[in-house]
Amino acid sequence: MRNYVLKRLGLAVVTLLVILLALFLMLELMPGSPFNDEKITQAQRAVLDAKYGLDQPVFNRFVHYIKAMLSGDFGVSYVIQKNMPISAMLEARLPVSIQIGFQAVLLGTAIGLLLGIVAALKHNSFADSLTTFISVIGVSFPSYVFALALSYFLGWKLKWFPLLYSSAAPFVSTVLPTIALSMFTIATVARFTRSEMIEVLSSEYIRLSESKGVGSARLIIVHALRNALIPIITVLAPLVVALMIGSLVIEQIFAIPGIGSLLVTAIQINDYNVIIAVSFLYSIMFIAIMLAVDILYGVIDPRIRLAKGEKHG
Amino acid sequence: KQGSGTTPASTESPSAPTASAAPEESPAAAKVLNLGKDVELASMDSAIATDGLSFEVIAATTEGLYTIDENRVPQLALAEKVDLSEDGLRYTFTLRDAKWSNGTPVTAKDFEFAWKRLVNPETASEYSFIAGVAGLKNADAIIAGEKSFDELGVKAVDDKTLTVELECPIPFFNSVIAFPSFFPVNEAFLKEKGTEYALTPEALLANGPFKLKTWEVGGTTFYLEKNNDYYDAGSVKLDGLNYKIIKDTQQSVLAYENGDIDYVALSGEQIASYQQSPEYHSVLTGFLWYLSPNQKVPGLENINLRKAISLAYDKTAVVDEILKDGSIVADFVVPQFLATGPDGKDYRETAGSYPSNNKEEALKYWEKAKAELGIDAIELELLFEDTESATLVSQFIQSEIETALPGVTFTLKSQPKKNRVELMYNGEYEVGLTRWGPDYNDPMTYLAMWTTDNPNNFGKWSEKAYDELADRVSRGDLASKPEERWEALKQLEAKVLEQAVIFPVYQKGNAILIKPEVTGVNLGSIGGSISYKLADKQ
Amino acid sequence: MGNPVQSFTGGDFELAGNSERAQMDHTYTSQSYGRDAFLRFKANKGAVFGLVIIIIISFFAAFGPMMNEHTYKSINIKHKSLPPRIEGLENFFIFNGVANGVNAYEQKGLTDVYYIFGTDTLGRDLWTRTWEGTRISLYIAVIAVAVDMIIGMCYGLVSGYFGRSVDNVMQRFIEILSGIPNLVIVTLLIVVLKPGFVTVTLALMITGWIGMSRVARAQILKLKEQEFVLASRTLGAGHFRIIFKDILPNIFGQIIIMSMFSVPSAIFTEAFLAFIGLGIPQPMASLGSLISESFKSMTIYPYMIVAPVFVLALLMLSFNLLADGLRDALDPKMKES
Amino acid sequence: MSETVLSIRNLSISFQTASGMVNAIRGVDLELRKGETVAIVGESGSGKSVTVKAIMRILSSNGQINAGSILFHYEEKGKRVTQDLLKLSQKEMRSQINGRRIAMVFQDPMTSLNPTMTIGNQIMESMIIHLKKSRAEAHERALELLHLVGICDPEKRMKCYPHQLSGGMRQRVVIAIMLACDPEVLICDEPTTALDVTIQAKILELIKTIQAKTGISVIYITHDLGVVAKVADYVTVMYAGKMIERGTVEEIFYDPRHPYTWGLLSSMPDMGSPNEKLYTIPGSPPNLLHPITGDAFAPRNVHALNIDFKLEPPMFKVTDTHYAATWLLHENAPKIEMSETLKARMDHVAKEAESEWGEKQSYELLI
Amino acid sequence: MGRETILRVADLKQHFKVSKHYTVKAVNGVSFDIHEGETYGLVGESGSGKSTIGRTIIRLYEPTAGVITFRGADISGTLREKEQTLLRTKMQMIFQDPMASLNPRKKVIDIIAQGLDIHKLYRTKQERQEKVERILEKVGLSREHANRYPHQFSGGQRQRIGIARALIMEPGLIIADEAISALDVSIQAQVVNLLKSIQEETNTAFLFISHDLSMVKYISDRIGVLHLGYLVETGTTEVIFERPVHPYTKSLLSAIPHANPLKEKTRVTLSYDYADSGIDYARGTEQALSATHSVLATEEDFSLWTGK
Ligand SMILES: Nc1ncnc2c1ncn2[C@@H]1O[C@H](COP(=O)(O)OP(=O)(O)OP(=O)(O)O)[C@@H](O)[C@H]1O
Ligand SMILES: Nc1ncnc2c1ncn2[C@@H]1O[C@H](COP(=O)(O)OP(=O)(O)OP(=O)(O)O)[C@@H](O)[C@H]1O
Ligand SMILES: [Mg+2]
Ligand SMILES: [Mg+2]
């Protein structure tokens, strides 16, 4: 097990390096530079490029970046918060994104599981159709429509929740964004849970548990759910990464100082260091969560515990 | 309520107790203005900042030699007295007694340091060009790397006296140096903070009405509290300014209605629903939005085609039906309220007026163009940036032109702003919807753009006579003959419009809502930013 | 239990002479696969409903824009921001031209003007734009499904089938691809491409298939050790044949279902691309860009977002129902449980 | 004869499928007495599993019980109670009957254990639920059970997951689970089909020992006649959802009356000499989707009478314990005997038995 | 026996590397051969490596060591075109689960003709159909079954389809891995009869893998007894059943249930536990009792068991 994790970590380092290199090459190809305001003269642009080392060949910059990165220096922002060290920016924004993402994952998974289970139990019933309906709606409406509708009704009309994020009330002020973000997760989880539970519920060991006289609540939670979990966490994993890194629109609507808006803004205005750092962070999270999921597979299903085995999906 | 100005001044103004208030737990008694903004505070370093909000906040915490009042007139601020030499090339400023928020006095050295820092290549200021605009001696050469930044024509004679030398007389010098790039910087403090300087409230000094109290990295709020060390602290009535960054406009309007913020900028369709409200204000800015035809594109070199296009769309509908934010129809190049002539009148009052929208005329020009070009249809691409208003305006213009000029088709190309600028900069476009904001209060801030070598002459229109006249106006013989210069400027503008070098569309207005209990805000004007110095909240 | 009292006819107790008859079977009626599938499909109410809705929506997508004199780009700024109004329904409570308590038509003095879905902020007919948008979105849906099917499915199948180091390399590649934010890659496309269908297709091709490849991989992992696959191998079938001819038909239903899930995200990706200038160029609008466009004034003109959102949701619902139905219909041994 | 524990009367079950109603069980009667073993044999699809699943009330959701009753006789607080299991609610069934009084060992040891739960927990679960035992007590008992079913080192095995055990071990664990609450009836649905002979033999012996010890009644489902011979007291033969013959194990093996039973016995390989072809029953079982007139076996029956195609045969009595549903037993029917080869083999088998068992064994069974 | 050898397996080893530290030694040096037209039965407990041997022979697995010779060609190394074709046409396999081994989405005709398709063994569609129909009739199905799907058949019929798929290649050797285990008694008989008649007709050899000893006894000419990946005993059916030597064989035979209730009630099975028996297969060598009968044992064990 430890060897396995170490091996995966080793691979992850290589993967991350490749990603970084790819990013550098891509940014090189990207149009414009961080400093192409109408007002800037060519000469001044050259001065700026020289100051930030943008006049160097890509490869030198890459090597330089890696070196700096190893000492915790991710460079400074060129545009968004001029000259601000990226590490400070991430440090400030990441916890917020993670908190809201985590809440959304939790909420989405809980409700999604609930809906999926009910639908599977009442297969081909009204509750089942309702779940299908909800999960289709959940994926076909963009989250910002939910977000604004929630703000409008729950925040503005009913005044139940604050409209804007406030670091002084980190829970109450994140209720609305959490709900808006979790819709897609609810939909996806509900759908997968449903189909997976239908399969599990028709399996022999569930029959056996029934014939042992296990009550329905225990039957579902202890026996069925755990066996249905593998495909569910498989689809959940990328969603978790996406949620943790935050969403541009949701962050904009609720004035959340998160990572998601940072990346999009940075890409639009060529704030290279921010792009690289956030992408890098994203990749790390992605790889880490994938690794976590692989390990989780073994925890959930002891058959996969040898860690060498194939994972689902 | 059109135009720049202030909200109604407070009638009685007993200055409130100045308990400093933190943003979140502001006691009811404290007068804190909550402001909704849609961009982050990018920089508090006056040499580094480039955007409106940064300049606004820098101006709220720091003062320079001049400030621009609500009538767009530069007023002495930190400078107590100014002497101008006969030849108009040497200014001597005497400073008033003022203190930084750490207690050290503001001296002439701080100005010298700041100005030299602005042009110092190590600073890599994106706004260094403004030193050249201000005509500071050697500025252009320093920026071009030909001279050392030490040779800039500014010198602190003693703590209270600052002398400035110019290359040539600059009629609008006073208003240029009111710009935040020319604000003082305390050298000792900056050296002490090193790379940290201006990144946190602790690494920042204030000498203006407010000082930065909290500014979380990446936070969506930051808070300015009243600066009791400000020399004019007595007239500051607010206890603080609480900025909230809300990027989604619908949400910020909801927040405004909820009472979370006292000030919000409107956009898009929201404007229509608040236009009748007493809380609605609109402020005309100096931004001119115009279409730039690229002369290098086959067809567009034809003046008749250009004229046809420039007359073919209804600008009134653009400002009244689409923007509705107080923007005005622009049939001109030099915006309204930008510059006042030697006669004390606004440039536009005496400058010529030009045809706006005339579809029949347009069609005639198009017929001529067709004959000259030997074509009967042309397809052009309209490049614009991906903001809501630019998108709507472009779609509207496309539709107008296509209906007015049968045979002309426009395809639309939307790009993020940076890309749009880059493409136009490189001449990789056909027709582009772009804008220009003034750097100083003089028509040349616009008219200089269509000289042959100007990098912002995206369309690459070029005429020798124009270049020569422009040169005389800015640096040549006309620079010291105000009336003649003024007439020459009008000629330049007339040329641009007659040649249809650009197709102006509108001069941008900003629509905002301010709570009725808020008074005394200087909503800013062309060339100066919003000022809260005299604001009050009942 | 005694013998029942019953009268028998004479021949009842004679041997029926079964001994020579070859009684192999007559128990399984032979029915063609296609017919069988069709019957199963027909019996599935949801699927039929889905199909009907899709046909109706496609009909409107094809002919809706021709049903009035407006085009998707004809701007009538005088008619801007009108709520839905249908002739004959003026006095009802919907489609009567009233929004937020005011009748925008009366306000503008437009007595005999009708817009079924209302107009947008430039005065374009939303009916026409919605159906034009539906057309584009249907195309996007087709592309998304095609990308899923062609790239995602093949990638997943190959990766899962060969396993071991092939799989390892292919999965790491996916990791790298997913590690680089999509937006960075897509922004790069701006450099090389003109906006339009091709660009959208390419953008979707870059990462749109990853989810599907995971599904396909998981499915093939389940199936590749099945005995019928081994049987093919013992007959000397090549890998290609095994993957695409033996295994694929068996997981196709699953794949159809999954690909339906990627349709909405493709539609919104397109809207986003349109926003940054890579999608279908304005003033043409897909459902996705109509939604994001009307989102900007959702609190003021909520009706503008209703039509595209409704059409999209209905379309998605139908696609999903149809896919479920198809999966069941295509499975000749569909189990009931 | 000892008292009846379970009696099924006229049970009829059908399943809703995409292609129509499948009448899987068409009137089944079954009687189980205390301490005895009944084996149900029959071809695949004849309805064996469905019948016992109905007893456990774990039919799949598309199944419905059309008619019949399943009467269960048991002692509750010293009183004898008779309960129709079909009338109990799902909840009552789970809390009172399933696992506690009637337990079932499933067909496939590979799939009938929860792969994500240790076997210890799976064994202890029902004791904690039904007998309200503490974890420690349950643990103690589970160890005992594992020992009883012959798993060595039970302490360690308790912590194992099903996939860490071999098929035989898993099947024993299933048996241990089922024995946990000392049920009165144990149903074994093909408990050894998936296992190899050595392990099969061990498991069969295990069940017998337990039965001898605790006196439980067992229903045994299999199509392996060798297994039947080993474990059963009574045998019921099913065909196409009906009971077609039942009797004591000796009656069925030495004196079968239904042509289907003849066919079944004839197809056993060790009855033929190696060079001959095995006997096979021609054709295949009827599709229960379609209504069946007359005797369901008639189309495959070489001895079919004309009436077989018209009228369903009733159960004819052969002896007090032996009944068969074939018109051949009707007084009007021609005298048809089992085939010569089968008869010869029966004799051979009987002799074999005789030689081993000595004179006192019941000759009268052999006609 | 003067018949020619069709398959020779010499010292076959098959080890599965599950992880760095764990290798499953499924087959450990097994040698036997099969003659033309003969049925060789492979028996042994679950997990003893029967399927692994079958699958290695037909090259679903790469053998770890050992040589497999089929019709004189070495098929244990990297296969060249010629050997590949020989192996894939002349050696066929019948699988355990009749449903799982037939592709549910394919028509019977396509399932059966798959081998023909792969090796392009027909010229016209007509010819292909004829071949399939001929083989269908041979396995006791009718022509009209060709256009159905596997789920429309009963278990026994499905297994016939599996057999038809193998037979159409006119193989010299068929590996039947538990080919009848999933079927019930009466169907088993049908399939076994079929296999026997095919063998008579075509002189095909069978490797018959099963744990149902009574069937193996009935069908096989010779039997190999496998335990823990070792071939512990091999000999003619008669010898194995009448005069078994190895204690495992004995225990196996004693466990066979007989359809004779009176006899069954008293029969006791001999138990055999490798761990307790003190036998070490790895040390054993093949000891021949006769030309056809040999047992894996050390010298001491051998003399102990045989009394020699
Ligand atoms: N859920 C179901 N839906 C439809 N038909 C079913 C269902 N369960 C069982 N059947 C049908 O009921 C009949 C009897 O099935 P059952 O499982 O009882 O057979 P069995 O005698 O146990 O066979 P086997 O020996 O193969 O286990 C079969 O024809 C089967 O197709
Ligand atoms: N691909 C594989 N990877 C790892 N181990 C394997 C693999 N295939 C088989 N084994 C192991 O090899 C051993 C022999 O398995 P095999 O399937 O050959 O047994 P068998 O005699 O056919 O058993 P059964 O009667 O259950 O079919 C078992 O321990 C099994 O777990
Ligand atoms: Mg069964
Ligand atoms: Mg096997």
# chains A, B, ... in the order shown; residues from 1 in each chain; ligands from 1

$ residues_near_ligand --ligand "ligand 1" --cutoff "7 Å" --atoms "only C-alpha atoms and all ligand atoms" --output "ChimeraX atom specification"
/C:336-337 /D:15-17,22,24,42-51,60,62-63,223,241,288

$ residues_around --residues "Ile86 in chain A" --least-positions-apart "6" --cutoff "12 Å" --atoms "only C-alpha atoms" --output "PDB file with C-alpha atoms, in the first residue's frame"
ATOM      1  CA  MET A  69       8.668  27.254  -7.092  1.00  0.00           C
ATOM      2  CA  GLY A  72       7.742  28.487  -2.488  1.00  0.00           C
ATOM      3  CA  ASP A  73       7.922  31.442  -4.824  1.00  0.00           C
ATOM      4  CA  PHE A  74       5.212  31.440  -7.465  1.00  0.00           C
ATOM      5  CA  GLY A  75       6.051  34.878  -8.795  1.00  0.00           C
ATOM      6  CA  VAL A  76       3.902  37.938  -8.626  1.00  0.00           C
ATOM      7  CA  SER A  77       0.696  38.912 -10.303  1.00  0.00           C
ATOM      8  CA  TYR A  78       1.134  41.247 -13.245  1.00  0.00           C
ATOM      9  CA  VAL A  79      -2.346  42.568 -13.582  1.00  0.00           C
ATOM     10  CA  ILE A  80      -4.946  41.396 -11.110  1.00  0.00           C
ATOM     11  CA  ALA A  92      -6.069  34.070   0.890  1.00  0.00           C
ATOM     12  CA  ARG A  93      -8.439  32.684  -1.693  1.00  0.00           C
ATOM     13  CA  LEU A  94      -8.024  28.965  -1.505  1.00  0.00           C
ATOM     14  CA  ILE A 259      -9.957  30.804  -7.003  1.00  0.00           C
ATOM     15  CA  LEU A 262      -9.116  34.319 -10.486  1.00  0.00           C
ATOM     16  CA  LEU A 263      -8.267  31.828 -13.191  1.00  0.00           C
ATOM     17  CA  ALA A 266      -6.158  35.819 -15.373  1.00  0.00           C
ATOM     18  CA  ASP A 271      -1.743  37.340 -15.948  1.00  0.00           C
ATOM     19  CA  TYR A 272       0.726  34.529 -16.620  1.00  0.00           C
ATOM     20  CA  ASN A 273       1.890  33.730 -13.140  1.00  0.00           C
ATOM     21  CA  VAL A 274      -1.645  33.562 -11.879  1.00  0.00           C
ATOM     22  CA  ILE A 275      -2.654  31.281 -14.725  1.00  0.00           C
ATOM     23  CA  ILE A 276       0.235  28.973 -14.083  1.00  0.00           C
ATOM     24  CA  ALA A 277      -0.151  28.900 -10.350  1.00  0.00           C
ATOM     25  CA  VAL A 278      -3.872  28.325 -10.394  1.00  0.00           C
ATOM     26  CA  PHE A 280      -0.886  24.067 -11.197  1.00  0.00           C
ATOM     27  CA  LEU A 281      -2.963  24.096  -8.071  1.00  0.00           C
TER      28      LEU A 281
ATOM     29  CA  LEU B 199       0.770  45.519  -0.973  1.00  0.00           C
ATOM     30  CA  VAL B 217      -5.325  39.816  -0.282  1.00  0.00           C
ATOM     31  CA  GLY B 218      -7.955  38.739  -2.741  1.00  0.00           C
TER      32      GLY B 218
END

$ interface_residues --of "chain D" --to "chain E" --cutoff "7 Å" --atoms "only C-alpha atoms" --output "ChimeraX atom specification"
/D:43-44,196-198,201,223-227,229-230,249-250,264,267-270,274,277-281,349,353

$ write_last_selection --atoms "N, CA and C atoms" --output "tab-separated table (two decimals), in the first residue's frame"
chain	number	residue	atom	x	y	z
D	43	GLU	N	-35.76	-29.58	-13.61
D	43	GLU	CA	-34.90	-28.88	-14.55
D	43	GLU	C	-34.76	-27.42	-14.17
D	44	SER	N	-33.79	-26.82	-14.78
D	44	SER	CA	-33.63	-25.38	-14.64
D	44	SER	C	-34.90	-24.68	-15.12
D	196	ASP	N	-16.77	-27.96	-5.87
D	196	ASP	CA	-16.31	-29.26	-6.34
D	196	ASP	C	-16.69	-30.36	-5.35
D	197	VAL	N	-16.58	-31.56	-5.84
D	197	VAL	CA	-17.17	-32.69	-5.10
D	197	VAL	C	-16.68	-32.84	-3.68
D	198	THR	N	-15.41	-32.63	-3.45
D	198	THR	CA	-14.92	-32.83	-2.08
D	198	THR	C	-15.56	-31.84	-1.12
D	201	ALA	N	-19.25	-32.59	-0.65
D	201	ALA	CA	-19.49	-33.68	0.30
D	201	ALA	C	-19.39	-33.16	1.72
D	223	HIS	N	-30.56	-30.00	-8.67
D	223	HIS	CA	-30.94	-30.91	-9.74
D	223	HIS	C	-29.95	-32.06	-9.83
D	224	ASP	N	-29.11	-32.14	-8.83
D	224	ASP	CA	-28.15	-33.23	-8.79
D	224	ASP	C	-28.75	-34.38	-7.99
D	225	LEU	N	-29.10	-35.44	-8.70
D	225	LEU	CA	-29.81	-36.54	-8.03
D	225	LEU	C	-28.92	-37.25	-7.01
D	226	GLY	N	-27.62	-37.23	-7.23
D	226	GLY	CA	-26.71	-37.82	-6.27
D	226	GLY	C	-26.83	-37.13	-4.93
D	227	VAL	N	-26.92	-35.83	-4.98
D	227	VAL	CA	-27.06	-35.05	-3.75
D	227	VAL	C	-28.38	-35.38	-3.07
D	229	ALA	N	-30.08	-38.06	-3.23
D	229	ALA	CA	-29.99	-39.38	-2.64
D	229	ALA	C	-29.29	-39.32	-1.29
D	230	LYS	N	-28.37	-38.41	-1.20
D	230	LYS	CA	-27.59	-38.35	0.02
D	230	LYS	C	-28.37	-37.70	1.17
D	249	VAL	N	-37.65	-40.63	-0.54
D	249	VAL	CA	-36.52	-40.68	-1.44
D	249	VAL	C	-36.38	-42.05	-2.10
D	250	GLU	N	-36.69	-43.09	-1.34
D	250	GLU	CA	-36.58	-44.42	-1.91
D	250	GLU	C	-37.62	-44.63	-2.98
D	264	LEU	N	-35.44	-38.09	-15.93
D	264	LEU	CA	-34.42	-37.48	-15.09
D	264	LEU	C	-33.44	-38.52	-14.58
D	267	SER	N	-31.11	-40.05	-17.24
D	267	SER	CA	-30.01	-39.29	-17.83
D	267	SER	C	-28.78	-39.22	-16.92
D	268	MET	N	-28.84	-39.82	-15.77
D	268	MET	CA	-27.66	-39.86	-14.90
D	268	MET	C	-26.57	-40.70	-15.56
D	269	PRO	N	-25.38	-40.21	-15.65
D	269	PRO	CA	-24.34	-40.95	-16.38
D	269	PRO	C	-23.94	-42.26	-15.71
D	270	ASP	N	-23.87	-42.29	-14.41
D	270	ASP	CA	-23.33	-43.51	-13.82
D	270	ASP	C	-24.31	-44.67	-13.86
D	274	PRO	N	-20.46	-47.07	-20.18
D	274	PRO	CA	-19.77	-45.98	-20.86
D	274	PRO	C	-19.98	-45.95	-22.38
D	277	LYS	N	-25.11	-44.38	-25.27
D	277	LYS	CA	-25.47	-42.97	-25.16
D	277	LYS	C	-26.26	-42.77	-23.88
D	278	LEU	N	-26.11	-41.56	-23.33
D	278	LEU	CA	-26.93	-41.24	-22.18
D	278	LEU	C	-28.34	-41.02	-22.64
D	279	TYR	N	-29.24	-41.35	-21.77
D	279	TYR	CA	-30.63	-41.10	-22.12
D	279	TYR	C	-30.88	-39.60	-21.99
D	280	THR	N	-31.66	-39.05	-22.91
D	280	THR	CA	-32.03	-37.64	-22.75
D	280	THR	C	-33.52	-37.47	-22.92
D	281	ILE	N	-34.04	-36.50	-22.25
D	281	ILE	CA	-35.45	-36.16	-22.44
D	281	ILE	C	-35.50	-35.26	-23.66
D	349	VAL	N	-29.07	-50.95	-9.01
D	349	VAL	CA	-28.90	-50.04	-7.87
D	349	VAL	C	-29.46	-50.66	-6.61
D	353	ALA	N	-27.55	-51.53	-3.24
D	353	ALA	CA	-27.99	-51.08	-1.93
D	353	ALA	C	-28.20	-52.27	-1.01

$ atom_distance --atom1 "CA of Leu273 in chain C" --atom2 "CA of Ile134 in chain A"
26.7 Å

$ residues_near_ligand --ligand "ligand 2" --cutoff "6 Å" --atoms "only C-alpha atoms and all ligand atoms" --output "list in words"
Phe16, Val18, Val24, Ala26, Glu45, Ser46, Gly47, Ser48, Gly49, Lys50, Ser51 and Thr52 of chain E

$ residues_around --residues "Val98 in chain C" --least-positions-apart "5" --cutoff "7 Å" --atoms "only C-alpha atoms" --output "PyMOL selection string"
chain C and resi 83+103-104

$ interface_residues --of "chain D" --to "chain A" --cutoff "8 Å" --atoms "only C-alpha atoms" --output "VMD selection string"
chain D and resid 56 58 60 91 93 to 100 103 to 106 111 to 117 125 to 126 129 to 130 161 163 177 to 178

$ select_by_dssp --residues "range 120-216 of chain E" --states "alpha helix (DSSP H)" --output "JSON, numbers by chain"
{"E": [125, 126, 127, 128, 129, 130, 131, 132, 133, 134, 135, 136, 137, 138, 155, 156, 157, 158, 159, 160, 161, 162, 163, 164, 165, 166, 167, 185, 186, 187, 188, 189, 190, 191, 192, 193, 194, 195, 196, 197, 198, 199, 200, 201, 202, 213, 214, 215, 216]}

$ closest_atom_pairs --of "chain B" --to "chain C" --cutoff "7 Å" --atoms "only C-alpha atoms" --output "Markdown table"
| residue | atom | partner | partner_atom | distance |
| --- | --- | --- | --- | --- |
| B:Gln250 | CA | C:Thr299 | CA | 6.9 |
| B:Glu269 | CA | C:Ser297 | CA | 6.0 |
| B:Gln270 | CA | C:Ile300 | CA | 6.8 |
| B:Glu321 | CA | C:Ile77 | CA | 6.9 |
| B:Asp386 | CA | C:Ile276 | CA | 6.2 |
| B:Gln395 | CA | C:Pro283 | CA | 6.2 |
| B:Phe396 | CA | C:Ile75 | CA | 6.9 |
| B:Ser399 | CA | C:Ile75 | CA | 6.4 |
| B:Leu412 | CA | C:Gln282 | CA | 5.8 |
| B:Lys413 | CA | C:Gly277 | CA | 6.4 |
| B:Ser414 | CA | C:Gly277 | CA | 4.4 |
| B:Gln415 | CA | C:Gly277 | CA | 4.8 |
| B:Pro416 | CA | C:Ile276 | CA | 5.8 |

$ residues_around --residues "Leu291 in chain B" --least-positions-apart "5" --cutoff "10 Å" --atoms "only C-alpha atoms" --output "CSV table (one decimal) with N, CA and C atoms, in the first residue's frame"
chain,number,residue,atom,x,y,z
B,309,ILE,N,-20.4,54.2,-44.5
B,309,ILE,CA,-20.6,53.5,-43.2
B,309,ILE,C,-20.8,54.4,-42.0
B,310,SER,N,-20.0,55.5,-42.0
B,310,SER,CA,-20.1,56.4,-40.8
B,310,SER,C,-21.4,57.1,-40.7
B,382,LEU,N,-16.5,43.0,-38.1
B,382,LEU,CA,-16.5,44.0,-37.1
B,382,LEU,C,-16.0,43.3,-35.8
B,383,LEU,N,-14.9,43.9,-35.4
B,383,LEU,CA,-14.2,43.3,-34.1
B,383,LEU,C,-14.7,44.2,-32.9
B,384,PHE,N,-15.1,43.5,-31.9
B,384,PHE,CA,-15.5,44.2,-30.7
B,384,PHE,C,-15.1,43.3,-29.5
B,394,SER,N,-22.6,46.6,-31.2
B,394,SER,CA,-22.1,46.1,-32.4
B,394,SER,C,-23.2,45.4,-33.2
B,431,VAL,N,-12.9,46.3,-39.3
B,431,VAL,CA,-13.4,47.4,-38.6
B,431,VAL,C,-13.5,47.0,-37.1
B,432,GLY,N,-13.0,47.9,-36.3
B,432,GLY,CA,-13.0,47.6,-34.9
B,432,GLY,C,-13.8,48.6,-34.0
B,433,LEU,N,-14.5,48.1,-33.1
B,433,LEU,CA,-15.2,49.0,-32.1
B,433,LEU,C,-14.2,49.2,-31.0
B,434,THR,N,-13.8,50.4,-30.8
B,434,THR,CA,-12.8,50.7,-29.8
B,434,THR,C,-13.1,52.0,-29.0
B,435,ARG,N,-12.3,52.2,-28.0
B,435,ARG,CA,-12.5,53.4,-27.3
B,435,ARG,C,-11.2,54.1,-26.9
B,459,GLY,N,-5.9,52.2,-37.5
B,459,GLY,CA,-6.4,52.1,-38.9
B,459,GLY,C,-5.3,52.5,-39.9
B,500,ALA,N,-13.3,60.6,-42.6
B,500,ALA,CA,-13.9,59.4,-42.0
B,500,ALA,C,-12.8,58.5,-41.5
B,501,VAL,N,-11.8,59.1,-40.8
B,501,VAL,CA,-10.7,58.2,-40.3
B,501,VAL,C,-11.3,57.3,-39.2
B,502,ILE,N,-12.2,57.8,-38.5
B,502,ILE,CA,-12.9,57.0,-37.5
B,502,ILE,C,-14.4,57.3,-37.6
B,503,PHE,N,-15.2,56.4,-37.1
B,503,PHE,CA,-16.6,56.6,-37.1
B,503,PHE,C,-17.1,56.7,-35.7
B,504,PRO,N,-17.2,57.9,-35.1
B,504,PRO,CA,-17.5,58.0,-33.7
B,504,PRO,C,-18.9,57.5,-33.5
B,505,VAL,N,-19.1,56.9,-32.3
B,505,VAL,CA,-20.4,56.4,-31.9
B,505,VAL,C,-21.0,57.1,-30.7

$ atom_distance --atom1 "CA of Glu349 in chain B" --atom2 "CA of Lys490 in chain B"
11.3 Å

$ interface_residues --of "chain A" --to "chain C" --cutoff "8 Å" --atoms "only C-alpha atoms" --output "PyMOL selection string"
chain A and resi 15-16+18-19+23+26-27+29-31+133+136-137+139-142+145+152+202+264+267+279-280+282-284+286-287+310-313

$ residues_around --residues "Val73 in chain B" --least-positions-apart "2" --cutoff "10 Å" --atoms "only C-alpha atoms" --output "count of residues only"
16
